[in-house]
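Dropping model-v7.cif in here (mmCIF, C-alpha atoms):
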data_structure
loop_
_atom_site.label_atom_id
_atom_site.label_comp_id
_atom_site.auth_asym_id
_atom_site.auth_seq_id
_atom_site.Cartn_x
_atom_site.Cartn_y
_atom_site.Cartn_z
CA MET A 1108 7.57 57.05 -9.31
CA SER A 1109 9.81 54.24 -8.05
CA GLU A 1110 10.31 51.03 -10.01
CA GLN A 1111 8.27 49.05 -7.52
CA GLU A 1112 5.34 51.41 -7.89
CA ALA A 1113 5.68 51.31 -11.68
CA VAL A 1114 5.44 47.52 -11.69
CA GLU A 1115 2.45 47.57 -9.39
CA SER A 1116 0.64 50.19 -11.40
CA ALA A 1117 1.38 48.25 -14.61
CA ALA A 1118 -0.07 45.11 -13.01
CA ARG A 1119 -3.19 47.00 -12.01
CA GLU A 1120 -3.39 48.45 -15.50
CA VAL A 1121 -3.25 44.94 -17.02
CA GLY A 1122 -5.92 43.76 -14.59
CA ALA A 1123 -8.20 46.63 -15.54
CA PHE A 1124 -7.50 46.09 -19.23
CA LEU A 1125 -8.35 42.37 -19.03
CA GLU A 1126 -11.59 43.19 -17.27
CA ARG A 1127 -12.50 45.96 -19.73
CA ARG A 1128 -11.75 43.95 -22.86
CA ARG A 1129 -12.98 40.65 -21.45
CA GLU A 1130 -15.53 40.15 -24.24
CA GLN A 1131 -13.16 40.88 -27.15
CA ILE A 1132 -10.27 38.82 -25.79
CA ALA A 1133 -12.59 35.90 -25.05
CA GLN A 1134 -13.91 36.01 -28.62
CA ARG A 1135 -10.36 35.92 -30.00
CA TRP A 1136 -9.17 33.22 -27.63
CA ALA A 1137 -12.10 31.02 -28.52
CA ASP A 1138 -10.64 30.82 -32.04
CA ALA A 1139 -7.19 29.88 -30.75
CA PRO A 1140 -6.21 26.22 -31.26
CA LEU A 1141 -6.17 25.48 -27.52
CA PHE A 1142 -9.83 26.33 -26.92
CA ARG A 1143 -11.11 25.39 -30.37
CA ALA A 1144 -9.72 21.88 -30.08
CA VAL A 1145 -11.16 21.27 -26.61
CA PHE A 1146 -14.62 22.77 -27.02
CA THR A 1147 -15.53 21.28 -30.37
CA VAL A 1148 -19.26 21.19 -29.76
CA SER A 1149 -20.18 24.78 -29.12
CA ARG A 1150 -18.29 28.02 -29.52
CA ASP A 1151 -20.28 29.64 -26.72
CA GLU A 1152 -18.87 27.12 -24.34
CA ALA A 1153 -15.36 28.01 -25.45
CA VAL A 1154 -16.10 31.71 -24.93
CA GLU A 1155 -17.41 30.99 -21.44
CA ALA A 1156 -14.26 29.04 -20.64
CA CYS A 1157 -12.11 31.89 -21.95
CA LYS A 1158 -13.99 34.35 -19.78
CA ALA A 1159 -13.43 32.23 -16.69
CA VAL A 1160 -9.69 32.11 -17.40
CA LEU A 1161 -9.65 35.87 -18.09
CA ASP A 1162 -11.45 36.62 -14.81
CA ALA A 1163 -8.84 34.59 -12.98
CA LEU A 1164 -5.99 36.38 -14.77
CA SER A 1165 -7.52 39.78 -14.08
CA GLU A 1166 -7.92 38.93 -10.41
CA VAL A 1167 -4.29 37.79 -10.17
CA ALA A 1168 -3.06 40.91 -11.97
CA SER A 1169 -5.11 43.26 -9.80
CA ALA A 1170 -3.70 41.56 -6.71
CA GLY A 1171 -0.24 42.32 -8.08
CA ARG A 1172 0.88 38.68 -8.00
CA LEU A 1173 1.94 38.46 -11.64
CA GLU A 1174 4.61 35.83 -11.11
CA ASP A 1175 2.92 33.82 -8.38
CA VAL A 1176 1.87 30.39 -9.66
CA ALA A 1177 0.13 29.68 -6.36
CA ALA A 1178 -1.98 32.89 -6.46
CA PRO A 1179 -5.48 32.18 -5.15
CA GLY A 1180 -7.02 33.56 -8.35
CA PHE A 1181 -5.78 30.53 -10.30
CA ASP A 1182 -7.45 28.01 -8.02
CA ARG A 1183 -10.87 28.39 -9.58
CA VAL A 1184 -9.63 27.73 -13.11
CA ARG A 1185 -7.12 25.06 -12.18
CA ASP A 1186 -9.70 22.28 -12.62
CA GLN A 1187 -10.74 23.61 -15.99
CA LEU A 1188 -7.18 24.07 -17.19
CA GLY A 1189 -6.40 20.55 -16.04
CA ARG A 1190 -9.34 19.15 -18.00
CA MET A 1191 -8.28 21.09 -21.09
CA ALA A 1192 -4.67 20.01 -20.86
CA GLY A 1193 -5.87 16.46 -20.22
CA SER A 1194 -8.07 16.38 -23.30
CA ARG A 1195 -5.22 17.80 -25.41
CA THR A 1196 -2.91 15.09 -24.07
CA ARG A 1197 -5.45 12.41 -24.95
CA THR A 1198 -5.59 13.64 -28.55
CA GLY A 1199 -1.86 13.16 -28.74
CA SER A 1200 -0.40 16.60 -28.05
CA SER A 1201 2.96 16.61 -26.35
CA PRO A 1202 3.45 18.85 -23.30
CA ALA A 1203 5.62 21.15 -25.45
CA GLN A 1204 2.76 21.58 -27.95
CA ILE A 1205 0.32 22.42 -25.17
CA ALA A 1206 2.78 24.97 -23.79
CA ASP A 1207 3.07 26.52 -27.25
CA GLU A 1208 -0.69 26.72 -27.56
CA VAL A 1209 -0.97 28.51 -24.24
CA ALA A 1210 1.81 30.86 -25.34
CA ALA A 1211 -0.15 31.57 -28.53
CA LEU A 1212 -2.87 33.20 -26.42
CA ARG A 1213 -0.52 36.10 -25.72
CA ALA A 1214 -0.35 37.52 -29.25
CA PRO A 1215 -4.07 38.43 -29.72
CA THR A 1216 -4.18 39.88 -26.21
CA ALA A 1217 -1.05 41.99 -26.76
CA GLU A 1218 -2.52 43.21 -30.04
CA LEU A 1219 -5.65 44.45 -28.27
CA LEU A 1220 -3.55 46.09 -25.59
CA ARG A 1221 -1.51 47.99 -28.20
CA ALA A 1222 -4.68 49.15 -29.93
CA GLU A 1223 -6.00 50.46 -26.64
CA PRO A 1224 -6.33 54.26 -26.76
CA SER A 1225 -4.19 55.52 -23.92
CA ASP A 1226 -2.60 58.72 -22.71
CA ALA A 1227 0.24 56.80 -21.03
CA THR A 1228 3.85 57.54 -21.82
CA ALA A 1229 5.88 55.12 -23.93
CA ALA A 1230 7.70 53.90 -20.82
CA GLU A 1231 4.43 53.18 -19.04
CA ALA A 1232 3.02 51.38 -22.08
CA ALA A 1233 6.14 49.21 -22.27
CA GLU A 1234 5.81 48.43 -18.57
CA THR A 1235 2.18 47.39 -19.04
CA MET A 1236 3.10 45.18 -22.00
CA LEU A 1237 5.85 43.58 -19.92
CA ALA A 1238 3.37 42.91 -17.10
CA LEU A 1239 1.00 41.22 -19.56
CA THR A 1240 3.83 39.05 -20.87
CA VAL A 1241 4.82 38.01 -17.36
CA LEU A 1242 1.21 37.20 -16.56
CA MET A 1243 0.80 35.03 -19.65
CA GLY A 1244 4.03 33.22 -18.77
CA THR A 1245 2.63 32.48 -15.35
CA LEU A 1246 -0.56 31.15 -16.93
CA ARG A 1247 1.56 28.84 -19.05
CA LEU A 1248 3.32 27.57 -15.94
CA VAL A 1249 0.02 27.00 -14.18
CA VAL A 1250 -1.31 24.97 -17.11
CA MET A 1251 1.80 22.81 -17.25
CA GLN A 1252 1.82 22.34 -13.49
CA THR A 1253 -1.83 21.34 -13.47
CA ALA A 1254 -1.35 18.95 -16.38
CA LEU A 1255 1.63 17.28 -14.74
CA SER A 1256 0.08 16.92 -11.31
CA SER A 1257 -3.14 15.48 -12.76
CA GLY A 1258 -1.00 13.00 -14.69
CA GLU A 1259 0.87 12.04 -11.55
CA ALA A 1260 -2.36 11.61 -9.60
CA LEU A 1261 -3.67 9.36 -12.37
CA ILE A 1262 -0.56 7.20 -12.32
CA ALA A 1263 -0.63 6.89 -8.53
CA ARG A 1264 -4.32 5.92 -8.61
CA GLN A 1265 -3.78 3.35 -11.32
CA ARG A 1266 -0.80 1.85 -9.51
CA GLN A 1267 -2.94 1.47 -6.41
CA GLN A 1268 -5.77 -0.06 -8.45
CA LEU A 1269 -3.35 -2.45 -10.09
CA LEU A 1270 -2.11 -3.57 -6.70
CA GLU A 1271 -5.64 -4.14 -5.45
CA VAL A 1272 -6.93 -5.81 -8.56
CA ALA A 1273 -3.98 -8.08 -8.97
CA THR A 1274 -4.08 -9.71 -5.56
CA PRO A 1275 -7.48 -11.07 -4.63
CA VAL A 1276 -7.59 -13.55 -1.78
CA ILE A 1277 -10.04 -16.35 -2.49
CA SER A 1278 -11.66 -18.58 0.07
CA LEU A 1279 -11.51 -22.09 -1.43
CA TRP A 1280 -12.86 -24.08 1.47
CA GLU A 1281 -13.45 -23.58 5.13
CA GLY A 1282 -10.00 -22.85 6.46
CA VAL A 1283 -8.34 -22.76 3.05
CA VAL A 1284 -7.50 -19.48 1.29
CA ALA A 1285 -5.69 -19.00 -2.01
CA VAL A 1286 -4.00 -16.13 -3.84
CA PRO A 1287 -3.68 -16.59 -7.59
CA LEU A 1288 -0.68 -14.46 -8.51
CA ILE A 1289 -0.72 -12.97 -12.00
CA GLY A 1290 2.04 -10.93 -13.60
CA THR A 1291 5.51 -9.98 -12.51
CA LEU A 1292 6.18 -9.95 -8.79
CA ASP A 1293 8.21 -7.00 -7.53
CA SER A 1294 8.97 -5.98 -3.98
CA ALA A 1295 5.98 -3.65 -3.63
CA ARG A 1296 3.54 -6.21 -4.99
CA SER A 1297 4.87 -9.12 -3.01
CA GLN A 1298 4.60 -6.97 0.11
CA VAL A 1299 0.92 -6.37 -0.66
CA VAL A 1300 0.40 -10.05 -1.42
CA MET A 1301 2.02 -11.02 1.86
CA GLU A 1302 -0.03 -8.54 3.86
CA SER A 1303 -3.38 -9.38 2.29
CA LEU A 1304 -2.73 -13.11 2.56
CA LEU A 1305 -1.80 -12.86 6.24
CA GLU A 1306 -4.78 -10.60 6.96
CA SER A 1307 -7.13 -13.10 5.37
CA VAL A 1308 -5.51 -15.94 7.30
CA VAL A 1309 -6.56 -14.10 10.47
CA ASP A 1310 -9.98 -13.02 9.19
CA ARG A 1311 -11.06 -16.40 7.87
CA ARG A 1312 -9.19 -18.46 10.42
CA ALA A 1313 -7.49 -20.28 7.60
CA ARG A 1314 -5.14 -23.10 8.44
CA TYR A 1315 -3.97 -23.47 4.86
CA ALA A 1316 -2.89 -20.73 2.50
CA ILE A 1317 -2.17 -21.49 -1.15
CA LEU A 1318 0.01 -19.26 -3.32
CA ASP A 1319 -0.71 -20.09 -6.93
CA ILE A 1320 2.00 -18.81 -9.27
CA THR A 1321 0.56 -20.16 -12.54
CA GLY A 1322 0.28 -16.59 -13.83
CA VAL A 1323 3.79 -15.53 -12.88
CA PRO A 1324 5.88 -15.46 -16.06
CA THR A 1325 9.33 -15.73 -14.52
CA VAL A 1326 10.77 -16.66 -11.19
CA ASP A 1327 14.17 -15.30 -10.24
CA SER A 1328 15.99 -15.42 -6.95
CA LEU A 1329 14.22 -12.27 -5.75
CA VAL A 1330 10.75 -13.68 -6.42
CA ALA A 1331 11.77 -16.95 -4.79
CA GLN A 1332 12.94 -15.01 -1.76
CA HIS A 1333 9.59 -13.21 -1.56
CA LEU A 1334 7.77 -16.54 -1.77
CA MET A 1335 9.90 -18.00 1.02
CA LYS A 1336 9.29 -14.93 3.20
CA THR A 1337 5.54 -15.21 2.72
CA VAL A 1338 5.63 -18.91 3.53
CA ALA A 1339 7.70 -18.28 6.66
CA ALA A 1340 5.40 -15.48 7.84
CA ALA A 1341 2.30 -17.62 7.30
CA ARG A 1342 3.92 -20.43 9.26
CA LEU A 1343 4.71 -18.07 12.14
CA MET A 1344 1.03 -17.21 12.30
CA GLY A 1345 0.09 -20.85 12.46
CA ALA A 1346 -1.00 -21.42 8.89
CA GLU A 1347 0.60 -23.78 6.43
CA CYS A 1348 1.51 -22.24 3.11
CA ILE A 1349 1.54 -24.22 -0.13
CA VAL A 1350 3.01 -22.91 -3.38
CA SER A 1351 1.29 -24.32 -6.44
CA GLY A 1352 1.32 -23.88 -10.19
CA ILE A 1353 5.05 -24.02 -10.76
CA ARG A 1354 5.37 -24.62 -14.49
CA PRO A 1355 7.97 -27.07 -15.84
CA ALA A 1356 10.12 -24.28 -17.30
CA ILE A 1357 10.04 -22.40 -14.00
CA ALA A 1358 10.88 -25.53 -12.05
CA GLN A 1359 13.95 -25.95 -14.25
CA THR A 1360 14.92 -22.28 -13.83
CA ILE A 1361 14.68 -22.57 -10.06
CA VAL A 1362 16.92 -25.63 -10.08
CA HIS A 1363 19.41 -24.02 -12.47
CA LEU A 1364 19.60 -20.89 -10.35
CA GLY A 1365 20.35 -23.09 -7.37
CA ILE A 1366 17.49 -21.63 -5.31
CA ASP A 1367 16.67 -23.85 -2.37
CA LEU A 1368 12.91 -24.04 -1.98
CA GLY A 1369 13.33 -27.03 0.32
CA THR A 1370 11.48 -25.29 3.15
CA VAL A 1371 8.49 -24.58 0.92
CA LEU A 1372 5.72 -27.08 0.39
CA THR A 1373 4.95 -27.24 -3.33
CA ARG A 1374 2.27 -28.86 -5.47
CA ALA A 1375 1.96 -28.98 -9.25
CA SER A 1376 -1.46 -27.35 -9.51
CA LEU A 1377 -4.00 -25.47 -7.44
CA ALA A 1378 -6.20 -28.58 -7.46
CA ASP A 1379 -3.39 -30.68 -6.00
CA ALA A 1380 -2.74 -28.06 -3.34
CA LEU A 1381 -6.43 -27.99 -2.38
CA ALA A 1382 -6.52 -31.79 -2.30
CA TYR A 1383 -3.52 -31.76 0.03
CA ALA A 1384 -5.09 -29.14 2.32
CA LEU A 1385 -8.33 -31.12 2.48
CA SER A 1386 -6.67 -34.46 3.16
CA GLN A 1387 -4.57 -32.89 5.92
CA GLN A 1388 -7.80 -31.78 7.58
CA GLY A 1389 -9.26 -35.26 7.21
CA ILE A 1390 -11.76 -34.19 4.59
CA GLU A 1391 -12.36 -36.66 1.81
CA VAL A 1392 -14.10 -35.75 -1.42
CA SER A 1393 -15.34 -38.72 -3.41
CA PRO A 1394 -17.96 -39.37 -6.06
CA ARG A 1395 -21.38 -40.15 -4.64
CA ALA A 1396 -22.35 -43.82 -4.81
CA GLY A 1397 -24.82 -44.29 -7.65
CA GLY A 1398 -24.07 -40.80 -8.96
CA ARG A 1399 -23.56 -40.24 -12.65
CA MET B 1497 15.40 -3.21 28.59
CA THR B 1498 14.65 -2.48 32.22
CA SER B 1499 11.38 -2.46 34.07
CA PRO B 1500 10.28 0.86 35.60
CA HIS B 1501 10.02 -0.98 38.95
CA PRO B 1502 12.87 -3.47 38.92
CA GLY B 1503 11.74 -5.08 42.17
CA HIS B 1504 8.16 -5.63 41.06
CA ALA B 1505 8.36 -6.57 37.42
CA ALA B 1506 4.80 -7.52 36.51
CA ALA B 1507 4.83 -11.30 36.32
CA VAL B 1508 3.23 -12.93 33.33
CA PRO B 1509 0.31 -15.08 34.49
CA VAL B 1510 0.50 -18.80 33.72
CA LEU B 1511 -2.93 -20.46 33.72
CA ALA B 1512 -3.48 -24.18 33.88
CA LEU B 1513 -6.29 -25.46 31.65
CA GLY B 1514 -6.53 -29.19 32.15
CA GLU B 1515 -3.35 -30.66 30.79
CA THR B 1516 -2.27 -27.44 29.19
CA LEU B 1517 -0.57 -24.29 30.44
CA LEU B 1518 -1.76 -21.04 28.93
CA VAL B 1519 0.62 -18.07 28.90
CA THR B 1520 -0.70 -14.74 27.67
CA LEU B 1521 1.90 -12.14 26.80
CA GLN B 1522 0.87 -8.48 26.77
CA GLY B 1523 2.90 -5.57 25.47
CA ASP B 1524 6.63 -5.36 26.07
CA LEU B 1525 8.44 -8.18 27.78
CA HIS B 1526 11.34 -7.12 30.00
CA ASP B 1527 14.49 -9.09 30.68
CA ARG B 1528 13.55 -9.84 34.25
CA THR B 1529 9.98 -10.80 33.38
CA ALA B 1530 11.18 -13.09 30.62
CA GLU B 1531 13.55 -14.86 32.99
CA GLN B 1532 10.80 -15.18 35.58
CA LEU B 1533 8.44 -16.55 32.95
CA GLN B 1534 10.89 -19.23 31.82
CA GLN B 1535 11.29 -20.39 35.43
CA ASP B 1536 7.53 -20.31 36.07
CA VAL B 1537 6.73 -22.35 33.00
CA THR B 1538 9.31 -25.05 33.65
CA HIS B 1539 8.36 -25.35 37.33
CA ARG B 1540 4.67 -25.53 36.50
CA ILE B 1541 5.27 -28.24 33.91
CA VAL B 1542 7.16 -30.33 36.44
CA ARG B 1543 4.61 -29.75 39.22
CA SER B 1544 1.44 -30.24 37.24
CA GLY B 1545 2.74 -32.69 34.67
CA ALA B 1546 1.32 -30.54 31.89
CA ALA B 1547 1.64 -32.00 28.42
CA GLY B 1548 1.40 -28.77 26.49
CA VAL B 1549 2.13 -25.06 26.67
CA VAL B 1550 0.17 -22.50 24.67
CA ILE B 1551 1.80 -19.06 24.44
CA ASP B 1552 -0.63 -16.41 23.22
CA ILE B 1553 1.15 -13.42 21.72
CA SER B 1554 -1.88 -11.74 20.12
CA GLY B 1555 -1.42 -8.84 22.56
CA VAL B 1556 2.14 -8.21 21.43
CA ASP B 1557 2.60 -5.41 18.91
CA VAL B 1558 6.36 -5.45 18.58
CA VAL B 1559 8.55 -8.51 18.44
CA ASP B 1560 12.32 -8.24 18.43
CA SER B 1561 15.08 -10.82 18.37
CA PHE B 1562 14.99 -10.92 22.18
CA LEU B 1563 11.39 -12.07 22.38
CA GLY B 1564 12.03 -14.48 19.52
CA ARG B 1565 14.85 -16.06 21.52
CA VAL B 1566 12.76 -16.20 24.70
CA LEU B 1567 10.00 -18.03 22.87
CA ALA B 1568 12.45 -20.48 21.35
CA GLU B 1569 14.07 -21.10 24.74
CA ILE B 1570 10.76 -21.73 26.49
CA ALA B 1571 9.80 -24.18 23.75
CA GLU B 1572 13.12 -25.96 24.00
CA SER B 1573 13.11 -26.29 27.78
CA ALA B 1574 9.48 -27.45 27.70
CA ARG B 1575 10.43 -30.07 25.13
CA LEU B 1576 13.08 -31.38 27.52
CA LEU B 1577 10.27 -31.84 30.04
CA ALA B 1578 8.21 -33.67 27.43
CA ALA B 1579 5.72 -30.86 26.94
CA HIS B 1580 4.79 -29.53 23.52
CA THR B 1581 4.81 -25.75 23.00
CA VAL B 1582 2.55 -23.90 20.57
CA VAL B 1583 2.86 -20.16 19.89
CA VAL B 1584 -0.51 -18.73 18.87
CA GLY B 1585 -2.08 -15.48 17.69
CA MET B 1586 0.89 -13.83 16.03
CA ARG B 1587 -0.25 -10.74 14.17
CA PRO B 1588 0.48 -10.32 10.46
CA ALA B 1589 2.63 -7.23 11.06
CA VAL B 1590 4.65 -9.08 13.70
CA ALA B 1591 5.12 -12.09 11.42
CA ILE B 1592 6.31 -9.86 8.59
CA THR B 1593 8.75 -8.08 10.90
CA LEU B 1594 10.20 -11.34 12.15
CA VAL B 1595 10.64 -12.67 8.63
CA GLU B 1596 12.27 -9.43 7.50
CA LEU B 1597 14.65 -9.77 10.45
CA GLY B 1598 15.45 -13.28 9.26
CA LEU B 1599 13.95 -14.84 12.41
CA THR B 1600 11.79 -17.63 11.05
CA LEU B 1601 11.90 -19.53 14.37
CA PRO B 1602 12.10 -22.97 12.73
CA GLY B 1603 11.80 -24.92 15.98
CA LEU B 1604 8.46 -23.40 17.00
CA THR B 1605 5.04 -24.87 16.42
CA THR B 1606 2.45 -22.21 15.64
CA ALA B 1607 -1.33 -21.94 15.45
CA LEU B 1608 -3.82 -19.24 14.55
CA ASP B 1609 -5.47 -18.75 17.93
CA VAL B 1610 -5.72 -20.33 21.36
CA GLU B 1611 -8.55 -22.61 20.28
CA GLN B 1612 -6.62 -24.08 17.37
CA GLY B 1613 -3.50 -24.28 19.50
CA MET B 1614 -5.36 -26.36 22.10
CA GLU B 1615 -6.77 -28.55 19.34
CA LEU B 1616 -3.28 -29.08 17.95
CA LEU B 1617 -2.06 -30.17 21.36
CA THR B 1618 -5.00 -32.53 21.84
CA ARG B 1619 -4.20 -34.22 18.53
CA SER B 1620 -0.62 -34.86 19.57
CA ARG B 1621 -1.79 -36.11 22.97
CA PRO B 1622 -1.32 -39.93 22.68
CA ALA B 1623 2.35 -39.65 23.61
CA ALA B 1624 1.43 -37.63 26.68
CA ALA B 1625 -1.21 -40.19 27.68
CA ASP B 1626 1.47 -42.89 27.57
CA ARG B 1627 3.66 -40.86 29.82
CA ARG B 1628 0.92 -40.41 32.40
CA GLY B 1629 0.00 -44.09 32.11
CA ARG B 1630 3.49 -45.06 33.13
CA GLY B 1631 3.50 -42.54 35.96
CA THR B 1632 0.48 -43.97 37.83
#

Write the structure described by the file as structure tokens, please.
Amino acid sequence: MSEQEAVESAAREVGAFLERRREQIAQRWADAPLFRAVFTVSRDEAVEACKAVLDALSEVASAGRLEDVAAPGFDRVRDQLGRMAGSRTRTGSSPAQIADEVAALRAPTAELLRAEPSDATAAEAAETMLALTVLMGTLRLVVMQTALSSGEALIARQRQQLLEVATPVISLWEGVVAVPLIGTLDSARSQVVMESLLESVVDRRARYAILDITGVPTVDSLVAQHLMKTVAAARLMGAECIVSGIRPAIAQTIVHLGIDLGTVLTRASLADALAYALSQQGIEVSPRAGGR
Amino acid sequence: MTSPHPGHAAAVPVLALGETLLVTLQGDLHDRTAEQLQQDVTHRIVRSGAAGVVIDISGVDVVDSFLGRVLAEIAESARLLAAHTVVVGMRPAVAITLVELGLTLPGLTTALDVEQGMELLTRSRPAAADRRGRGT
């Protein structure tokens, strides 16, 4: 029997073993820290989860793809593994701890495999044990991969949400839109601000656009440059852009940095900016005669 | 940039609306067409005594430094003929590109769309009315 055939037959042997001893292994795994910590409510649930993972492993082993992280058999349990890894992360486990917990699943399985009555030679038994070890290593990789990619997806989603949430465009008056900027402005954000402001200028036929930077903690030359770009772009589209809410400290910083905001129309507060936009359009707001 | 048919570069239509000339740019503008357009606009201003030029670039997807310069030149030559030029309908993406290129076109007057551009010209009309008054 060639080495290749030996490996394949060992893989099949592991697959058959996992299927045969599914119940016993699942019972043991359910007591392992990984499953016990995730399925705290019912043990049956943990056993079911273990069985699902075992079925996947058995399928992968029978297909002879012991080292293949992308084996189709793993796809069905990927979601579940991701949820488990996620809930372990939330309770404060580090990725290394999770990896250790997955590795801990190997020992009870190997024990059962050794106890298995078999007429195989010592060499064959060693080969089978090796195949099991490789398979468990692959499982560990799959868990880590799933955990990492779900974390990445979460971060990407939250970044997108942050961008959307942080830049609402408000219609203040007919033909007047405003963006209250809150938090630090970086290149990505200011790009989004610029785009959404310009889009709303078109959508609402706004002749005046107000950028309120009351909520921006610091203004450096980069932020100032972004502001000037936005103002210039709005002007090119035929809207006048007003920057409001420059706090005294920020005004001083801008002067000290020697940033020339001469081309930018500024007002102290959003109210002043709105008043300017209204007066430019010939709209006058005054208290009603006889009003209280 | 060369036109596929150098002899028959599609001319940009210049429409006269009352006292205003309306130029609608579509797609790419070629060297020859741009030159032709500048001549057309100046001649039409002189012939019709137009007081304003509205250039609608809402149909333009890509603006480069060439088109930026053409616009600025038309505005400048129109100003010499006492006509006011307004560029209207620039798309957000185009505006962002121009700003990123550092082309803020400081000499150009802009408006959101043709309607607002016309309105803008009407508001700055008194000077034009004077001019016509003297002419008759």

Notebook entry, point to check: Using all atoms listed in the file, which residues sit within 9 Å of A:Ser1257 once same-chain residues fewer than 3 positions away are excluded, as a ChimeraX atom specification?
Noted result: /A:1189-1190,1193,1252-1254,1260-1262

Counting all atoms listed in the file, what are the residues of chain B within 12 Å of chain A, and for each of them which pair of atoms is the nearest and at what distance in Å, to one decimal? Sort the table by chain and rising number, as a tab-separated table.
residue	atom	partner	partner_atom	distance
B:Asp1552	CA	A:Met1344	CA	11.1
B:Ile1553	CA	A:Met1344	CA	10.2
B:Ser1554	CA	A:Met1344	CA	10.0
B:Gly1564	CA	A:Leu1343	CA	11.0
B:Leu1567	CA	A:Leu1343	CA	12.0
B:Val1582	CA	A:Gly1345	CA	9.0
B:Val1583	CA	A:Gly1345	CA	8.0
B:Val1584	CA	A:Gly1345	CA	6.8
B:Gly1585	CA	A:Met1344	CA	6.5
B:Met1586	CA	A:Met1344	CA	5.0
B:Arg1587	CA	A:Met1344	CA	6.9
B:Pro1588	CA	A:Leu1305	CA	5.4
B:Ala1589	CA	A:Glu1302	CA	7.8
B:Val1590	CA	A:Ala1340	CA	8.7
B:Ala1591	CA	A:Ala1340	CA	4.9
B:Ile1592	CA	A:Ala1340	CA	5.7
B:Thr1593	CA	A:Ala1340	CA	8.7
B:Leu1594	CA	A:Ala1340	CA	7.7
B:Val1595	CA	A:Ala1340	CA	6.0
B:Glu1596	CA	A:Lys1336	CA	7.6
B:Leu1597	CA	A:Lys1336	CA	10.4
B:Gly1598	CA	A:Lys1336	CA	8.8
B:Leu1599	CA	A:Ala1339	CA	9.2
B:Thr1600	CA	A:Ala1339	CA	6.0
B:Leu1601	CA	A:Leu1343	CA	7.7
B:Pro1602	CA	A:Ala1339	CA	8.8
B:Gly1603	CA	A:Leu1343	CA	10.6
B:Leu1604	CA	A:Leu1343	CA	8.1
B:Thr1605	CA	A:Gly1345	CA	7.5
B:Thr1606	CA	A:Gly1345	CA	4.2
B:Ala1607	CA	A:Gly1345	CA	3.5
B:Leu1608	CA	A:Gly1345	CA	4.7
B:Asp1609	CA	A:Gly1345	CA	8.1
B:Val1610	CA	A:Gly1345	CA	10.6
B:Glu1611	CA	A:Arg1312	CA	10.7
B:Gln1612	CA	A:Gly1345	CA	8.9
B:Gly1613	CA	A:Gly1345	CA	8.6
B:Leu1616	CA	A:Gly1345	CA	10.5
B:Arg1619	CA	A:Gln1388	CA	11.8

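You will find atom CA of A:Val1350 at 20.6 Å from atom CA of A:Asp1310.
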
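Within the 10 Å cut-off around B:Glu1515, using only C-alpha atoms and omitting residues fewer than 3 positions from it on the same chain, the listed residues are B:Ala1512, B:Leu1518, B:Ile1541, B:Ser1544, B:Gly1545, B:Ala1546, B:Ala1547, B:Gly1548, B:Val1549, B:Ala1579, B:Met1614, B:Leu1617, B:Thr1618, B:Arg1621, B:Ala1624.
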
Residues from the last selection, C-alpha atoms, saved as a CSV table (one decimal), in the coordinates of the input:
chain,number,residue,atom,x,y,z
B,1512,ALA,CA,-3.5,-24.2,33.9
B,1518,LEU,CA,-1.8,-21.0,28.9
B,1541,ILE,CA,5.3,-28.2,33.9
B,1544,SER,CA,1.4,-30.2,37.2
B,1545,GLY,CA,2.7,-32.7,34.7
B,1546,ALA,CA,1.3,-30.5,31.9
B,1547,ALA,CA,1.6,-32.0,28.4
B,1548,GLY,CA,1.4,-28.8,26.5
B,1549,VAL,CA,2.1,-25.1,26.7
B,1579,ALA,CA,5.7,-30.9,26.9
B,1614,MET,CA,-5.4,-26.4,22.1
B,1617,LEU,CA,-2.1,-30.2,21.4
B,1618,THR,CA,-5.0,-32.5,21.8
B,1621,ARG,CA,-1.8,-36.1,23.0
B,1624,ALA,CA,1.4,-37.6,26.7

Margin query: Show me the residues around (13.2, -13.0, 22.6) - criterion: an atom at most 12 Å away, all atoms listed in the file counted - as a PyMOL selection string.
Written below: chain B and resi 1497+1524-1527+1529-1531+1533-1534+1558-1571+1594+1599+1601

Can you spit out the residues from that selection as an mmCIF file, in the coordinates of the input, using C-alpha atoms?
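Writing done, so here's selection11.cif:
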data_model
loop_
_atom_site.group_PDB
_atom_site.id
_atom_site.type_symbol
_atom_site.label_atom_id
_atom_site.label_comp_id
_atom_site.auth_asym_id
_atom_site.auth_seq_id
_atom_site.Cartn_x
_atom_site.Cartn_y
_atom_site.Cartn_z
ATOM 1 C CA MET B 1497 15.400 -3.210 28.590
ATOM 2 C CA ASP B 1524 6.630 -5.360 26.070
ATOM 3 C CA LEU B 1525 8.440 -8.180 27.780
ATOM 4 C CA HIS B 1526 11.340 -7.120 30.000
ATOM 5 C CA ASP B 1527 14.490 -9.090 30.680
ATOM 6 C CA THR B 1529 9.980 -10.800 33.380
ATOM 7 C CA ALA B 1530 11.180 -13.090 30.620
ATOM 8 C CA GLU B 1531 13.550 -14.860 32.990
ATOM 9 C CA LEU B 1533 8.440 -16.550 32.950
ATOM 10 C CA GLN B 1534 10.890 -19.230 31.820
ATOM 11 C CA VAL B 1558 6.360 -5.450 18.580
ATOM 12 C CA VAL B 1559 8.550 -8.510 18.440
ATOM 13 C CA ASP B 1560 12.320 -8.240 18.430
ATOM 14 C CA SER B 1561 15.080 -10.820 18.370
ATOM 15 C CA PHE B 1562 14.990 -10.920 22.180
ATOM 16 C CA LEU B 1563 11.390 -12.070 22.380
ATOM 17 C CA GLY B 1564 12.030 -14.480 19.520
ATOM 18 C CA ARG B 1565 14.850 -16.060 21.520
ATOM 19 C CA VAL B 1566 12.760 -16.200 24.700
ATOM 20 C CA LEU B 1567 10.000 -18.030 22.870
ATOM 21 C CA ALA B 1568 12.450 -20.480 21.350
ATOM 22 C CA GLU B 1569 14.070 -21.100 24.740
ATOM 23 C CA ILE B 1570 10.760 -21.730 26.490
ATOM 24 C CA ALA B 1571 9.800 -24.180 23.750
ATOM 25 C CA LEU B 1594 10.200 -11.340 12.150
ATOM 26 C CA LEU B 1599 13.950 -14.840 12.410
ATOM 27 C CA LEU B 1601 11.900 -19.530 14.370
#
